[in-house]
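Participant: Dumping the structure here so I can ask a few things about it.
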Amino acid sequence: MADSMTAQACPIVEVTNVSFAYDSTPVLEDISLAVAPGSVLAVLGGNGAGKSTLLKLMLGLLPLQSGRIRIDGVDVAAQPDEARRHIAYIPESVAVYPQLTGLENLRYFLELAGHRKLEDARLLAALEEAGLTAADGRARASTYSKGMRQKLIVALALAREVPLLLLDEPASGLDPVATAELSRLIRRLAASGVATVMVTHDLIAVAEVADELCFLRAGRLQQDRQLPEAARQDVATLRSLYLDAAEQA
Amino acid sequence: MTHLITAVAGNEWRILVRERTFLPGAIALLLLLLVSLAITLERYQAVHEKQHEHTARADADWQAQPDRHPHRVVHFGDYAFKPVGPLAHFEWGVEAHTGQSIFLEGHRQNAANFSDASESTALLYFGQLTPAFVLQTLLPLALIFFGYGAIARERESGLLHQILAGSPSAAPLLLGKWLALAAAGFAALLPLALLALVAVVTTPEHALRVAMMLAGYGVYVLIWSGLIVTVSGLARNAHGALLGLLALWIVLCIAIPRVLPELAGQRHPAPTHVETQLLAEAALREVGDSHNPDDPYFNAFRTQTLERYGVERVEDLPINYGGLVMAEGERLTSEAYAQASERVFGQHARQNLWVDRFAVVSPHLALLQLSRSAAGTDTEHYIHFLRASEARRYAMVQALNELHTYEIAFQNDRDQRLGAAAWDAIPRPEYAPPDARFALARSSGALSILLGWLLATGALLSWLTRRLERAHGN
Ligand SMILES: Nc1ncnc2c1ncn2[C@@H]1O[C@H](COP(=O)(O)OP(=O)(O)O)[C@@H](O)[C@H]1O
Ligand SMILES: [Mg+2]
């Protein structure tokens with residue numbers, strides 16, 4: 001109850017009555033949600049449900065057609081660049097420069113995001129916090145797995161000290177060990193106050209990390225719901241929750 | 001902004017040198033450049049030495065002439081040499097076909113080699129392995145291989161989307177990539193710059209030509225780098241970018257520079273050397289034959305001369321009538337030849353004008369023209385040399401005819417001799433190439449075309465910037 005109070009007080013993400021259509025095909029209808037600092041929201045939905053579209057609207061990469069989105073108090077439609085300064089975005093397929101080392105990638109991405117050159121120690125600390133060793137940092141990114149590439153972008157989020165992390169299908173292509181590592185990492189970030197929105201069709205992967213779940217179905221968002229503590233360990237409960245939501249929609 | 005641009009450029013360089021294709025490509029280009037330089041330097045040296053040797057021999061032969069009749073000297077002849085400028089070994093231009101020397105003698109013009117050039121205009125534009133060819137034609141190809149993926153590959157991998165999703169403007173990204181690729185091109189210009197430095201130090205009068213050349217090649221590199229980044233940014237993927245750029249290269253560097261001069265040659269055909277000779281000879285037959293005692297023109301000339309001096313017979317003239325006839329004959333021959341060669345020169349000028357008018361479609365063509373002009377190896381410089389040589393030949397022959405007229409008596413004309421000292425008074429000026437302003441005037445069109453392309457490239461890039469920003473790299 002305290003959590004949702006904070007969410008209402010000063011949420012990092014505030015989506016209000018957002019609808020979106022590609023040409024004339026409606027994808028999202030009257031979506032509203034809010035995420036508080038330190039909270040992890042998982043938006044579940046099948047393929048083509050509009051999950052990536054929702055993230056792109058938050059990033060200001062697609063023009064808002066109706067409704068409003070605020071990121072850390074910044075109106076995305078009015079100041080998309082400013083809003084993006086508060087977001088670390090990890091797309092479904094994380095791209096890095098294979099010819100560069102992890103460290104070089106990180107430094108370059110930071111420079112592109114407008115940060116002055118940071119010294120290696122700072123960057124290595126960020127990499128380490130994201131779960132990459134110094135040796136990883138000095139290796140060419142061409143040798144990285146998807147999990148490592150994700151960690152690199154998480155390190156970027158850490159170095160940029162952004163309050164919001166957006167993840168698109170973070171678990172796809174990760175083995176269970178890597179998924180668990182990522183979950184731990186997100187939880188650590190949440191503990192330090194970072195808000196997270198992850199969109200996925202894979203509820204098992206997010207079950208252990210999400211504070212809140214919602215279901216996107218036929219363009220509409222199921223009401224936010226707290227994840228029952230018991231469900232986190234229980235695949236059957238999770239699946240029935242998911243199918244339940246699907247039927248209601 | 002600037003720090004972002006340099007960050008992008010630095011990153012591009014780091015990526016470029018780590019590409020597996022970079023080192024072999026760069027080495028191949030460097031080798032070609034060095035080999036072509038070695039070839040041309042050797043040729044330069046050889047031509048230089050030969051000219052030196054020939055000049056010395058021609059001088060010695062001229063001075064070693066025994067006492068003889070002036071008309072023997074007219075047929076003994078002399079040589080004119082077009083000195084090889086310091087930039088000519090970088091850019092051979094038409095000299096690969098024309099050569100740099102002419103034999104000067106009475107009664108005829110020996111610009112024999114010029115015909116080869118006019119008969120194979122296309123060859124001129126697709127010449128030998130010179131450093132100029134490497135930089136004009138192969139450097140863009142190398143830049144294409146280095147840079148075709150600059151944006152296209154990042155679009156393919158999703159990096160572009162990821163980066164543009166997090167940065168307010170695409171401008172530093174594009175400018176940085178442009179700069180990085182241009183820097184690779186500038187690196188290839190270093191040997192030229194070094195040569196230029198040597199040329200400026202040793203022959204400061206060439207400074208302006210050197211500056212023209214460097215500016216032309218510098219702008220050319222900027223144009224190609226910009227075009228490469230633009231096409232890379234428009235293509236769906238790296239493969240498409242490469243194909244598009246190769247097509248562009250073939251059109252701009254191979255097809256147009258080859259087809260345009262060919263078409264110009266068809267539109268304004270220049271007569272071949274043999275045709276020119278025949279034309280001149282036909283014209284001569286109409287004017288008169290100085291060796292025919294019954295020729296109507298020379299009969300009239302005799303009457304006029306006798307009237308002018310108030311005498312009845314040529315034997316009574318105070319001067320040698322034989323020398324006068326020679327001088328008048330030379331005047332007529334030269335006029336006939338001059339008309340024929342001016343017709344050739346005119347056709348070449350028209351061809352060049354025609355090509356110039358369309359050179360706007362290819363920066364390669366504009367650079368070619370600028371480069372040859374700056375090096376002093378284009379058609380205009382060669383024609384300048386031909387005109388100067390003809391003037392020298394005419395002055396020499398007429399000075400000898402004057403000796404013939406005033407120093408040789410009419411009676412027993414052929415048996416008389418003049419002392420060798422007399423030949424010293426004959427003008428034998430060394431050819432002085434025109435100064436850089438000549439080249440600059442000829443190249444101002446090419447220079448503006450190159451600058452126009454640079455502006456257009458800049459406009460394309462700024463348009464691409466807005467397009468990428470709108471689409472966020474998708
Ligand atoms: N650029 C686009 N133009 C038109 N339709 C699109 C575009 N992107 C996605 N769509 C459609 O919108 C719907 C939602 O897509 P998306 O948000 O990517 O779904 P999800 O991420 O949930 O799988 C799908 O039906 C998809 O086909
Ligand atoms: Mg998706």
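So you can find residues: chains in the structure tokens are A, B, ... in the order shown, residues in each start at 1, and ligands are numbered from 1 in order.
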Which neighbours of B:Ala283 fall inside 9 Å, counting only C-alpha atoms, when residues of the same chain fewer than 5 positions from it are skipped, and could you give them as a VMD selection string?

Facilitator: chain B and resid 278 333 336 to 337 340

Participant: Return as number ranges by chain the residues of protein, DNA or RNA that approach ligand 2 to within 7 Å, with only C-alpha atoms and all ligand atoms taken into account.

Facilitator: A: 47-48, 50-52, 168-169

Participant: Go ahead and compute the interatomic distance for atom CA of B:Phe301 and atom CA of B:Glu328, in Å to one decimal.

Facilitator: 8.8 Å

Participant: Please provide the set of residues having any atom within 10 Å of B:Leu468, restricted to only C-alpha atoms, with same-chain residues fewer than 2 positions apart removed, written as a count of residues only.

Facilitator: 19

Participant: Report as an MDAnalysis selection string which protein, DNA and RNA residues come within 9 Å of ligand 1, using only C-alpha atoms and all ligand atoms.

Facilitator: chainID A and resid 21:23 25:28 44:56 168:169 199:201 216 219
